[in-house]
>>> print(open('query_26.json').read())   # JSON, C-alpha atoms
[["chain", "number", "residue", "atom", "x", "y", "z"],
["A", 11, "GLY", "CA", 30.35, 15.86, 6.47],
["A", 12, "LEU", "CA", 28.74, 12.44, 6.20],
["A", 13, "HIS", "CA", 30.40, 11.10, 9.38],
["A", 14, "THR", "CA", 29.34, 13.96, 11.70],
["A", 15, "GLN", "CA", 25.88, 12.43, 12.29],
["A", 16, "PRO", "CA", 25.26, 10.40, 15.50],
["A", 17, "PRO", "CA", 26.25, 6.71, 15.33],
["A", 18, "SER", "CA", 22.58, 5.70, 15.93],
["A", 19, "SER", "CA", 21.83, 6.84, 12.36],
["A", 20, "ARG", "CA", 24.30, 4.32, 10.90],
["A", 21, "ARG", "CA", 22.42, 1.11, 11.78],
["A", 22, "HIS", "CA", 18.94, 0.53, 10.39],
["A", 23, "GLY", "CA", 16.23, -2.05, 10.20],
["A", 24, "ALA", "CA", 14.22, -2.32, 6.96],
["A", 25, "HIS", "CA", 10.86, -3.88, 6.26],
["A", 26, "THR", "CA", 8.11, -3.73, 3.64],
["A", 27, "THR", "CA", 4.38, -3.45, 4.24],
["A", 28, "VAL", "CA", 1.22, -2.74, 2.24],
["A", 29, "GLN", "CA", -0.43, 0.68, 2.11],
["A", 30, "PRO", "CA", -4.05, -0.21, 1.24],
["A", 31, "LYS", "CA", -6.02, 2.04, -1.11],
["A", 32, "ASN", "CA", -9.53, 3.24, -0.27],
["A", 33, "VAL", "CA", -11.27, 0.69, -2.52],
["A", 34, "THR", "CA", -13.96, -1.91, -1.93],
["A", 35, "PHE", "CA", -12.91, -5.57, -1.98],
["A", 36, "PRO", "CA", -12.88, -6.43, -5.69],
["A", 37, "THR", "CA", -14.94, -9.30, -7.04],
["A", 38, "ASP", "CA", -15.57, -10.08, -10.74],
["A", 39, "ALA", "CA", -19.30, -9.45, -10.35],
["A", 40, "LYS", "CA", -18.91, -6.07, -8.61],
["A", 41, "LEU", "CA", -16.34, -4.87, -11.17],
["A", 42, "LEU", "CA", -18.45, -5.92, -14.17],
["A", 43, "ASN", "CA", -21.56, -4.23, -12.79],
["A", 44, "ARG", "CA", -19.64, -1.09, -11.80],
["A", 45, "ALA", "CA", -18.05, -0.78, -15.26],
["A", 46, "ARG", "CA", -21.50, -1.01, -16.89],
["A", 47, "GLU", "CA", -22.93, 1.62, -14.49],
["A", 48, "LYS", "CA", -20.06, 4.03, -15.16],
["A", 49, "LEU", "CA", -20.42, 3.66, -18.95],
["A", 50, "VAL", "CA", -24.19, 4.25, -18.78],
["A", 51, "ARG", "CA", -23.68, 7.32, -16.56],
["A", 52, "LEU", "CA", -21.08, 8.78, -18.94],
["A", 53, "ALA", "CA", -23.37, 8.11, -21.92],
["A", 54, "LYS", "CA", -26.21, 10.02, -20.19],
["A", 55, "LEU", "CA", -23.83, 12.89, -19.38],
["A", 56, "HIS", "CA", -22.88, 13.24, -23.07],
["A", 57, "ALA", "CA", -26.47, 12.60, -24.32],
["A", 58, "VAL", "CA", -25.48, 9.37, -26.11],
["A", 59, "PRO", "CA", -28.72, 7.33, -26.58],
["A", 60, "LEU", "CA", -28.27, 3.65, -25.65],
["A", 61, "ARG", "CA", -30.49, 0.74, -26.71],
["A", 62, "GLN", "CA", -30.70, -0.45, -23.10],
["A", 63, "SER", "CA", -29.04, 0.52, -19.81],
["A", 64, "TYR", "CA", -29.51, -2.90, -18.09],
["A", 65, "ALA", "CA", -29.95, -0.99, -14.80],
["A", 66, "ARG", "CA", -32.73, -3.23, -13.42],
["A", 67, "VAL", "CA", -31.63, -6.65, -14.74],
["A", 68, "GLY", "CA", -27.94, -5.84, -14.06],
["A", 69, "LYS", "CA", -28.64, -5.08, -10.41],
["A", 70, "PHE", "CA", -30.78, -8.23, -10.12],
["A", 71, "ALA", "CA", -28.01, -10.40, -11.67],
["A", 72, "LEU", "CA", -25.46, -8.97, -9.18],
["A", 73, "ILE", "CA", -27.76, -9.77, -6.23],
["A", 74, "GLN", "CA", -28.34, -13.27, -7.60],
["A", 75, "HIS", "CA", -24.60, -13.87, -8.00],
["A", 76, "GLN", "CA", -23.86, -12.78, -4.43],
["A", 77, "ARG", "CA", -26.64, -14.98, -3.00],
["A", 78, "TYR", "CA", -25.62, -18.06, -4.98],
["A", 79, "ALA", "CA", -21.91, -17.57, -4.15],
["A", 80, "HIS", "CA", -22.75, -17.20, -0.43],
["A", 81, "ALA", "CA", -24.75, -20.44, -0.60],
["A", 82, "LYS", "CA", -21.77, -22.12, -2.39],
["A", 83, "GLN", "CA", -23.97, -22.84, -5.44],
["A", 84, "PHE", "CA", -21.20, -21.90, -7.83],
["A", 85, "LYS", "CA", -22.75, -23.26, -11.04],
["A", 86, "ARG", "CA", -25.72, -20.92, -10.58],
["A", 87, "ALA", "CA", -23.42, -18.08, -9.44],
["A", 88, "ASN", "CA", -21.34, -18.45, -12.62],
["A", 89, "ARG", "CA", -24.52, -18.28, -14.71],
["A", 90, "ALA", "CA", -25.35, -14.90, -13.10],
["A", 91, "LEU", "CA", -21.72, -13.78, -13.63],
["A", 92, "LYS", "CA", -21.98, -14.66, -17.33],
["A", 93, "LYS", "CA", -25.11, -12.48, -17.55],
["A", 94, "LEU", "CA", -23.22, -9.53, -16.03],
["A", 95, "ARG", "CA", -20.36, -10.03, -18.50],
["A", 96, "THR", "CA", -22.87, -10.13, -21.38],
["A", 97, "TYR", "CA", -24.62, -6.92, -20.25],
["A", 98, "LEU", "CA", -21.28, -5.09, -20.04],
["A", 99, "GLY", "CA", -20.24, -6.35, -23.49],
["A", 100, "ARG", "CA", -23.52, -5.14, -25.03],
["A", 101, "VAL", "CA", -23.14, -1.67, -23.50],
["A", 102, "ILE", "CA", -19.48, -1.46, -24.65],
["A", 103, "ARG", "CA", -20.42, -2.34, -28.24],
["A", 104, "ASP", "CA", -23.47, -0.03, -28.21],
["A", 105, "VAL", "CA", -21.39, 2.92, -27.00],
["A", 106, "GLY", "CA", -18.70, 2.11, -29.58],
["A", 107, "ARG", "CA", -21.26, 2.21, -32.41],
["A", 108, "LYS", "CA", -22.88, 5.46, -31.21],
["A", 109, "ILE", "CA", -19.65, 7.47, -30.79],
["A", 110, "GLU", "CA", -17.89, 6.19, -33.94],
["A", 111, "GLY", "CA", -16.59, 9.06, -36.06],
["A", 112, "ASN", "CA", -17.20, 11.72, -33.38],
["A", 113, "GLY", "CA", -13.73, 12.83, -32.23],
["A", 114, "GLY", "CA", -14.90, 14.68, -29.12],
["A", 115, "LEU", "CA", -17.01, 11.78, -27.85],
["A", 116, "GLU", "CA", -14.32, 9.22, -28.66],
["A", 117, "ALA", "CA", -11.82, 11.21, -26.57],
["A", 118, "ALA", "CA", -14.30, 11.42, -23.66],
["A", 119, "PHE", "CA", -14.93, 7.65, -23.65],
["A", 120, "THR", "CA", -11.43, 6.35, -24.50],
["A", 121, "ARG", "CA", -10.16, 5.75, -20.94],
["A", 122, "LEU", "CA", -13.37, 4.27, -19.52],
["A", 123, "LEU", "CA", -13.97, 2.03, -22.57],
["A", 124, "ALA", "CA", -10.40, 0.66, -22.31],
["A", 125, "LEU", "CA", -10.89, -0.07, -18.58],
["A", 126, "ALA", "CA", -14.30, -1.69, -19.17],
["A", 127, "ARG", "CA", -12.81, -3.94, -21.90],
["A", 128, "ARG", "CA", -10.00, -4.98, -19.53],
["A", 129, "VAL", "CA", -12.51, -5.78, -16.77],
["A", 130, "ARG", "CA", -14.64, -7.82, -19.18],
["A", 131, "GLU", "CA", -11.72, -9.80, -20.64],
["A", 132, "GLN", "CA", -9.65, -10.48, -17.50],
["A", 133, "ARG", "CA", -9.84, -13.96, -15.99],
["A", 134, "GLN", "CA", -9.03, -15.41, -12.58],
["A", 135, "HIS", "CA", -5.68, -17.09, -13.29],
["A", 136, "GLN", "CA", -4.29, -14.77, -15.98],
["A", 137, "ARG", "CA", -0.74, -13.45, -15.64],
["A", 138, "GLY", "CA", 0.13, -9.76, -15.62],
["A", 139, "PRO", "CA", -1.62, -6.75, -14.11],
["A", 140, "LYS", "CA", -5.39, -6.72, -13.59],
["A", 141, "VAL", "CA", -7.95, -4.01, -12.84],
["A", 142, "TYR", "CA", -9.04, -4.19, -9.19],
["A", 143, "SER", "CA", -10.78, -0.81, -9.04],
["A", 144, "LEU", "CA", -12.28, 1.39, -11.75],
["A", 145, "HIS", "CA", -11.64, 4.69, -9.98],
["A", 146, "ALA", "CA", -8.09, 3.64, -8.99],
["A", 147, "PRO", "CA", -6.77, 1.28, -11.70],
["A", 148, "GLU", "CA", -3.20, 1.57, -10.32],
["A", 149, "VAL", "CA", -4.16, -0.64, -7.33],
["A", 150, "GLU", "CA", -2.20, -3.90, -7.07],
["A", 151, "CYS", "CA", -3.03, -7.17, -5.32],
["A", 152, "ILE", "CA", -0.32, -8.00, -2.77],
["A", 153, "GLY", "CA", -0.29, -11.28, -0.87],
["A", 154, "LYS", "CA", 1.96, -11.21, 2.21],
["A", 155, "GLY", "CA", 0.90, -14.61, 3.54],
["A", 156, "LYS", "CA", -1.13, -13.25, 6.47],
["A", 157, "ALA", "CA", -3.78, -15.65, 7.75],
["A", 158, "HIS", "CA", -6.23, -12.87, 8.66],
["A", 159, "ARG", "CA", -5.69, -10.94, 5.43],
["A", 160, "PRO", "CA", -4.50, -13.16, 2.54],
["A", 161, "TYR", "CA", -4.63, -10.37, -0.06],
["A", 162, "GLU", "CA", -4.36, -6.59, 0.32],
["A", 163, "PHE", "CA", -5.11, -4.07, -2.40],
["A", 164, "GLY", "CA", -2.85, -1.02, -2.61],
["A", 165, "VAL", "CA", 0.89, -0.53, -3.02],
["A", 166, "LYS", "CA", 3.99, -1.98, -1.36],
["A", 167, "VAL", "CA", 5.88, 0.47, 0.90],
["A", 168, "SER", "CA", 9.41, 0.16, 2.26],
["A", 169, "VAL", "CA", 9.93, 1.47, 5.82],
["A", 170, "ALA", "CA", 13.31, 1.83, 7.59],
["A", 171, "THR", "CA", 13.99, 2.87, 11.18],
["A", 172, "THR", "CA", 17.06, 3.30, 13.37],
["A", 173, "LEU", "CA", 18.04, 0.21, 15.37],
["A", 174, "GLY", "CA", 19.16, 2.14, 18.44],
["A", 175, "HIS", "CA", 16.47, 3.93, 20.41],
["A", 176, "ALA", "CA", 17.22, 7.62, 19.73],
["A", 177, "ARG", "CA", 16.67, 10.23, 22.45],
["A", 178, "GLY", "CA", 13.34, 11.31, 20.95],
["A", 179, "GLY", "CA", 12.10, 7.78, 20.21],
["A", 180, "GLN", "CA", 12.11, 5.32, 17.33],
["A", 181, "PHE", "CA", 12.25, 7.55, 14.21],
["A", 182, "VAL", "CA", 11.41, 6.56, 10.63],
["A", 183, "THR", "CA", 14.55, 7.26, 8.59],
["A", 184, "HIS", "CA", 13.23, 6.33, 5.15],
["A", 185, "VAL", "CA", 9.92, 5.49, 3.53],
["A", 186, "LYS", "CA", 9.08, 4.93, -0.13],
["A", 187, "ALA", "CA", 6.14, 3.59, -2.13],
["A", 188, "LEU", "CA", 7.25, 0.78, -4.47],
["A", 189, "PRO", "CA", 4.74, 0.27, -7.32],
["A", 190, "GLY", "CA", 4.88, -2.96, -9.29],
["A", 191, "ASN", "CA", 4.98, -5.22, -6.18],
["A", 192, "PRO", "CA", 8.76, -5.82, -6.38],
["A", 193, "TYR", "CA", 10.52, -8.62, -4.51],
["A", 194, "ASP", "CA", 11.60, -7.26, -1.08],
["A", 195, "GLY", "CA", 15.29, -8.02, -1.65],
["A", 196, "HIS", "CA", 15.28, -6.18, -4.97],
["A", 197, "THR", "CA", 14.20, -2.91, -3.34],
["A", 198, "LEU", "CA", 17.60, -2.32, -1.68],
["A", 199, "ALA", "CA", 19.27, -1.02, -4.87],
["A", 200, "THR", "CA", 17.07, 2.11, -4.67],
["A", 201, "VAL", "CA", 16.40, 2.20, -0.90],
["A", 202, "ILE", "CA", 20.03, 2.26, 0.36],
["A", 203, "PRO", "CA", 21.29, 5.23, -1.76],
["A", 204, "ASP", "CA", 18.06, 7.16, -0.97],
["A", 205, "MET", "CA", 18.50, 6.53, 2.76],
["A", 206, "GLU", "CA", 22.11, 7.78, 2.73],
["A", 207, "ALA", "CA", 21.14, 10.93, 0.85],
["A", 208, "LEU", "CA", 18.28, 11.55, 3.30],
["A", 209, "ILE", "CA", 20.07, 11.01, 6.62],
["A", 210, "GLY", "CA", 23.44, 12.39, 5.47],
["A", 211, "ASN", "CA", 25.40, 9.43, 6.82],
["A", 212, "ILE", "CA", 27.08, 6.26, 5.59],
["A", 213, "ILE", "CA", 25.04, 3.19, 6.57],
["A", 214, "ALA", "CA", 27.24, 0.82, 8.55],
["A", 215, "ARG", "CA", 24.66, -1.98, 8.74],
["A", 216, "LEU", "CA", 21.19, -2.74, 7.41],
["A", 217, "LEU", "CA", 19.15, -5.56, 8.93],
["A", 218, "GLY", "CA", 16.19, -7.16, 7.19],
["A", 219, "ASP", "CA", 13.89, -10.14, 7.61],
["A", 220, "LYS", "CA", 14.00, -13.32, 5.50],
["A", 221, "GLY", "CA", 12.16, -11.53, 2.68],
["A", 222, "TYR", "CA", 15.44, -9.77, 1.83],
["A", 223, "ARG", "CA", 17.29, -13.02, 1.05],
["A", 224, "GLY", "CA", 18.98, -12.77, -2.36],
["A", 225, "HIS", "CA", 19.04, -8.98, -2.32],
["A", 226, "ASN", "CA", 20.51, -6.66, -4.95],
["A", 227, "ALA", "CA", 22.21, -4.14, -2.63],
["A", 228, "PRO", "CA", 25.06, -2.12, -4.24],
["A", 229, "PRO", "CA", 28.34, -4.17, -4.29],
["A", 230, "ASP", "CA", 30.06, -2.21, -1.49],
["A", 231, "TYR", "CA", 27.09, -2.99, 0.81],
["A", 232, "ARG", "CA", 27.19, -6.72, 0.13],
["A", 233, "PHE", "CA", 28.52, -7.58, 3.62],
["A", 234, "ARG", "CA", 26.72, -4.76, 5.44],
["A", 235, "VAL", "CA", 23.27, -6.30, 4.90],
["A", 236, "PHE", "CA", 22.27, -8.99, 7.40],
["A", 237, "ILE", "CA", 19.19, -11.20, 7.22],
["A", 238, "SER", "CA", 17.40, -12.61, 10.28],
["A", 239, "GLY", "CA", 18.37, -16.26, 10.79],
["A", 240, "GLN", "CA", 21.75, -15.70, 9.12],
["A", 241, "LYS", "CA", 24.72, -17.56, 10.67],
["A", 242, "ARG", "CA", 27.73, -16.65, 8.53],
["A", 243, "GLY", "CA", 29.68, -13.53, 9.62],
["A", 244, "VAL", "CA", 27.36, -12.83, 12.57],
["A", 245, "THR", "CA", 29.27, -11.55, 15.61],
["A", 246, "PRO", "CA", 27.64, -11.41, 19.09],
["A", 247, "ARG", "CA", 27.00, -7.68, 18.61],
["A", 248, "ILE", "CA", 25.30, -8.20, 15.23],
["A", 249, "LYS", "CA", 23.28, -11.02, 16.80],
["A", 250, "ARG", "CA", 21.96, -8.56, 19.42],
["A", 251, "GLU", "CA", 21.17, -6.03, 16.66],
["A", 252, "LEU", "CA", 19.29, -8.69, 14.66],
["A", 253, "ARG", "CA", 16.96, -9.07, 17.65],
["A", 254, "ARG", "CA", 16.42, -5.29, 17.56],
["A", 255, "ARG", "CA", 15.31, -5.54, 13.91],
["A", 256, "ALA", "CA", 11.79, -6.37, 15.09],
["A", 257, "ALA", "CA", 11.51, -2.77, 16.43],
["A", 258, "VAL", "CA", 10.37, -1.70, 12.93],
["A", 259, "GLU", "CA", 7.10, -3.67, 13.34],
["A", 260, "PRO", "CA", 5.44, -1.45, 16.00],
["A", 261, "VAL", "CA", 6.54, 1.63, 14.04],
["A", 262, "ILE", "CA", 4.61, 0.30, 11.02],
["A", 263, "GLY", "CA", 1.66, -0.35, 13.34],
["A", 264, "HIS", "CA", 1.70, 3.27, 14.55],
["A", 265, "LEU", "CA", 2.04, 4.58, 10.96],
["A", 266, "LYS", "CA", -1.08, 2.65, 9.97],
["A", 267, "ALA", "CA", -3.19, 3.16, 13.09],
["A", 268, "GLU", "CA", -2.48, 6.81, 13.87],
["A", 269, "HIS", "CA", -0.89, 8.42, 10.80],
["A", 270, "ARG", "CA", -3.21, 7.46, 7.92],
["A", 271, "MET", "CA", -1.11, 4.80, 6.23],
["A", 272, "GLY", "CA", -3.82, 2.25, 7.07],
["A", 273, "ARG", "CA", -5.99, 3.56, 4.21],
["A", 274, "ASN", "CA", -4.84, 5.85, 1.43],
["A", 275, "TYR", "CA", -7.41, 8.34, 0.12],
["A", 276, "LEU", "CA", -5.07, 10.20, -2.27],
["A", 277, "TRP", "CA", -5.38, 9.76, -6.04],
["A", 278, "PHE", "CA", -3.09, 7.86, -8.43],
["A", 279, "ARG", "CA", 0.50, 6.63, -7.98],
["A", 280, "HIS", "CA", 1.81, 10.03, -6.86],
["A", 281, "GLY", "CA", -0.92, 9.96, -4.18],
["A", 282, "ASP", "CA", 0.47, 6.61, -2.96],
["A", 283, "ALA", "CA", 3.98, 8.07, -2.78],
["A", 284, "ALA", "CA", 2.85, 11.29, -1.05],
["A", 285, "ASN", "CA", 0.70, 9.51, 1.54],
["A", 286, "ALA", "CA", 3.57, 7.23, 2.62],
["A", 287, "VAL", "CA", 5.97, 10.17, 3.04],
["A", 288, "LEU", "CA", 3.40, 12.34, 4.85],
["A", 289, "ALA", "CA", 2.52, 9.50, 7.24],
["A", 290, "ALA", "CA", 6.21, 9.06, 8.14],
["A", 291, "ALA", "CA", 6.68, 12.83, 8.54],
["A", 292, "GLY", "CA", 3.64, 13.02, 10.84],
["A", 293, "TYR", "CA", 4.97, 10.11, 12.90],
["A", 294, "ASN", "CA", 8.41, 11.77, 13.27],
["A", 295, "PHE", "CA", 6.85, 15.13, 14.18],
["A", 296, "ARG", "CA", 4.85, 13.44, 16.93],
["A", 297, "ARG", "CA", 8.11, 12.00, 18.35],
["A", 298, "LEU", "CA", 9.74, 15.46, 18.24],
["A", 299, "ILE", "CA", 6.76, 17.19, 19.88],
["A", 300, "ARG", "CA", 6.73, 14.57, 22.67],
["A", 301, "TRP", "CA", 10.48, 15.12, 23.23],
["A", 302, "LEU", "CA", 10.01, 18.92, 23.34],
["A", 303, "MET", "CA", 7.14, 18.58, 25.86],
["A", 304, "ASN", "CA", 9.36, 16.52, 28.16],
["A", 305, "LEU", "CA", 12.16, 19.08, 27.78],
["A", 306, "LEU", "CA", 9.83, 21.99, 28.64],
["A", 307, "ARG", "CA", 8.59, 20.12, 31.73],
["A", 308, "GLU", "CA", 12.18, 19.77, 32.96],
["A", 309, "ILE", "CA", 13.15, 23.45, 32.44],
["A", 310, "PRO", "CA", 11.15, 24.89, 35.43],
["A", 311, "SER", "CA", 12.52, 22.22, 37.78],
["A", 312, "ALA", "CA", 16.07, 23.03, 36.60],
["A", 313, "LEU", "CA", 15.57, 26.81, 37.01],
["A", 314, "PHE", "CA", 13.72, 26.61, 40.34],
["A", 315, "PRO", "CA", 15.04, 23.57, 42.21],
["A", 316, "PRO", "CA", 13.05, 22.50, 45.29],
["A", 317, "PRO", "CA", 14.55, 23.57, 48.67],
["A", 318, "LEU", "CA", 16.90, 21.07, 50.29],
["A", 319, "PHE", "CA", 15.11, 21.33, 53.66],
["A", 320, "ASN", "CA", 11.73, 22.49, 54.92],
["A", 321, "PRO", "CA", 12.08, 25.61, 57.11],
["A", 322, "LEU", "CA", 9.93, 25.47, 60.24]]
>>> encode(input="query_26.json", output="C-alpha cells")
Amino acid sequence: GLHTQPPSSRRHGAHTTVQPKNVTFPTDAKLLNRAREKLVRLAKLHAVPLRQSYARVGKFALIQHQRYAHAKQFKRANRALKKLRTYLGRVIRDVGRKIEGNGGLEAAFTRLLALARRVREQRQHQRGPKVYSLHAPEVECIGKGKAHRPYEFGVKVSVATTLGHARGGQFVTHVKALPGNPYDGHTLATVIPDMEALIGNIIARLLGDKGYRGHNAPPDYRFRVFISGQKRGVTPRIKRELRRRAAVEPVIGHLKAEHRMGRNYLWFRHGDAANAVLAAAGYNFRRLIRWLMNLLREIPSALFPPPLFNPL
C-alpha cells in the first residue's frame, strides 16, 4: 500500500534549476551569419544556384561587428549588424525565387527558411519565444538572477529530494524537464502527483524556496507546502525541516558536475526530458553502489570477527 514506504519518503524538498543545452552563447550577429551559412550550404547540397553566397563579406561583417562591440563602438557595430541582416535577407529571397513551384525543394527548405526568417525578424525587446540556436530551436533563455550567470540557455528542470538523510545517502525522488520556462510555484500541480506515483507514498510535507510563493498545488496539499521564510503554521519541527530544505542544492551540484546535467547533448525536447531523468538515475545508482560497497566491506568482519585476545 501507499503507507508501507519508510517515513523518510514522505517529506521532500523541491527546487528548480536550468539544464543548459550544448549551444554557443547566442548573439544577433552570430545567429544571422549562421542562418545565412546554413541556407547557402543547403542550396549547394540541392544544386540550387544562388546569385551570391556572401561567404567572404559575411564573415568580414561578423568580425567587424565583434571588434566594434568589444571596443564599445556600438554605432559602428550596429552598421555591421545591419549588413549581416541584409545579406541574410537577400539569400532568403534568392532561395525563395529559385525553389518556387518545385514541391520537393520547397519541402527540403521549409524548416530552415522559417527559422532564418524568424532570426532575421526578431528584435531585442520583443515578447514571446525567440530563436537562440539554429540546430536546437527549442532552447529557451532563463534568467535566475545569478550574478555570475545572468542568463542560461536550455530548459528549466524541477528536482526533488528527501529531507531526511536516507541510509544510502541523499536520493533524488523526482526530476522533470519543464519546457516553457514556467513560474516555479506553478510547477507543483504536475510535480506533486508525479512524485506520489513514483515513490508510492503520500507526501506529508513539501518544502520549497521563496520561488514557490503563490503556488498552484492541488487543494488537499494547500497546507502541506511550506515556503522558506514562512511564519504562519510553522511548528518547531517544520522550522528544523525548512533548514534541511537547502540539502537539495548540493544534489543539484552533483547532478550537474558528475552526471551530465551540466550540459545536455541530446536532441530536441524529448532529449531534454531524457537527459534530466538519466542524470538523476545515474546519481541514485551511484548512491546505491556506494551503499553496497560499504555493506560488502562489513560482511567479512561480521563473519570472521577479530579474536578477543592475542594468544602468546
>>> axis_aligned_box(input="query_26.json", around="stretch 194-206 of chain A", padding_each_side="3 Å", output="lines of an AutoDock Vina configuration file")
center_x = 16.9
center_y = -0.1
center_z = -1.1
size_x = 16.5
size_y = 21.8
size_z = 13.7
>>> closest_residue(input="query_26.json", among="A:Val258, A:Ala284, A:Ile109, A:Ala291", to="A:Gln180", atoms="all atoms listed in the file")
A:Val258
>>> closest_residue(input="query_26.json", among="A:Arg297, A:Arg66, A:His280, A:Lys48", to="A:Ala126", atoms="all atoms listed in the file")
A:Lys48
>>> residues_around(input="query_26.json", residues="A:Gln76", least_positions_apart="6", cutoff="10 Å", atoms="only C-alpha atoms", output="JSON list (two decimals) with C-alpha atoms, keeping the file's coordinate frame")
[["chain", "number", "residue", "atom", "x", "y", "z"],
["A", 37, "THR", "CA", -14.94, -9.30, -7.04],
["A", 39, "ALA", "CA", -19.30, -9.45, -10.35],
["A", 40, "LYS", "CA", -18.91, -6.07, -8.61],
["A", 82, "LYS", "CA", -21.77, -22.12, -2.39],
["A", 87, "ALA", "CA", -23.42, -18.08, -9.44],
["A", 90, "ALA", "CA", -25.35, -14.90, -13.10],
["A", 91, "LEU", "CA", -21.72, -13.78, -13.63]]
>>> residues_around(input="query_26.json", residues="A:Val287", least_positions_apart="4", cutoff="9 Å", atoms="all atoms listed in the file", output="number ranges by chain")
A: 184-187, 282-283, 291-292
>>> closest_residue(input="query_26.json", among="A:Arg127, A:Lys54, A:His135, A:His80", to="A:Arg95", atoms="all atoms listed in the file")
A:Arg127
>>> closest_residue(input="query_26.json", among="A:Arg130, A:Lys108, A:Arg273, A:His175", to="A:Arg44", atoms="all atoms listed in the file")
A:Arg130
>>> closest_residue(input="query_26.json", among="A:Arg86, A:Arg46, A:Lys92, A:Arg121", to="A:Gln62", atoms="only C-alpha atoms")
A:Arg46
>>> residues_around(input="query_26.json", residues="A:Ser143", least_positions_apart="5", cutoff="10 Å", atoms="all atoms listed in the file", output="list in words")
Lys31, Asn32, Val33, Thr34, Phe35, Pro36, Thr37, Lys40, Leu41, Arg44, Ala45, Leu125, Val129, Glu148, Val149, Glu150 and Phe163 of chain A
>>> atom_distance(input="query_26.json", atom1="atom CA of A:Ala289", atom2="atom CA of A:Thr172")
17.0 Å
>>> residues_around(input="query_26.json", residues="A:Ala170", least_positions_apart="2", cutoff="10 Å", atoms="all atoms listed in the file", output="PyMOL selection string")
chain A and resi 22-26+168+172-173+181-186+201-202+205+216-218+255+258+261-262
>>> atom_distance(input="query_26.json", atom1="atom CA of A:Lys85", atom2="atom CA of A:Arg100")
22.9 Å
>>> closest_residue(input="query_26.json", among="A:Leu188, A:Met303, A:Ala57, A:Gly281", to="A:Ala146", atoms="only C-alpha atoms")
A:Gly281
>>> atom_distance(input="query_26.json", atom1="atom CA of A:Arg61", atom2="atom CA of A:Asp104")
7.2 Å
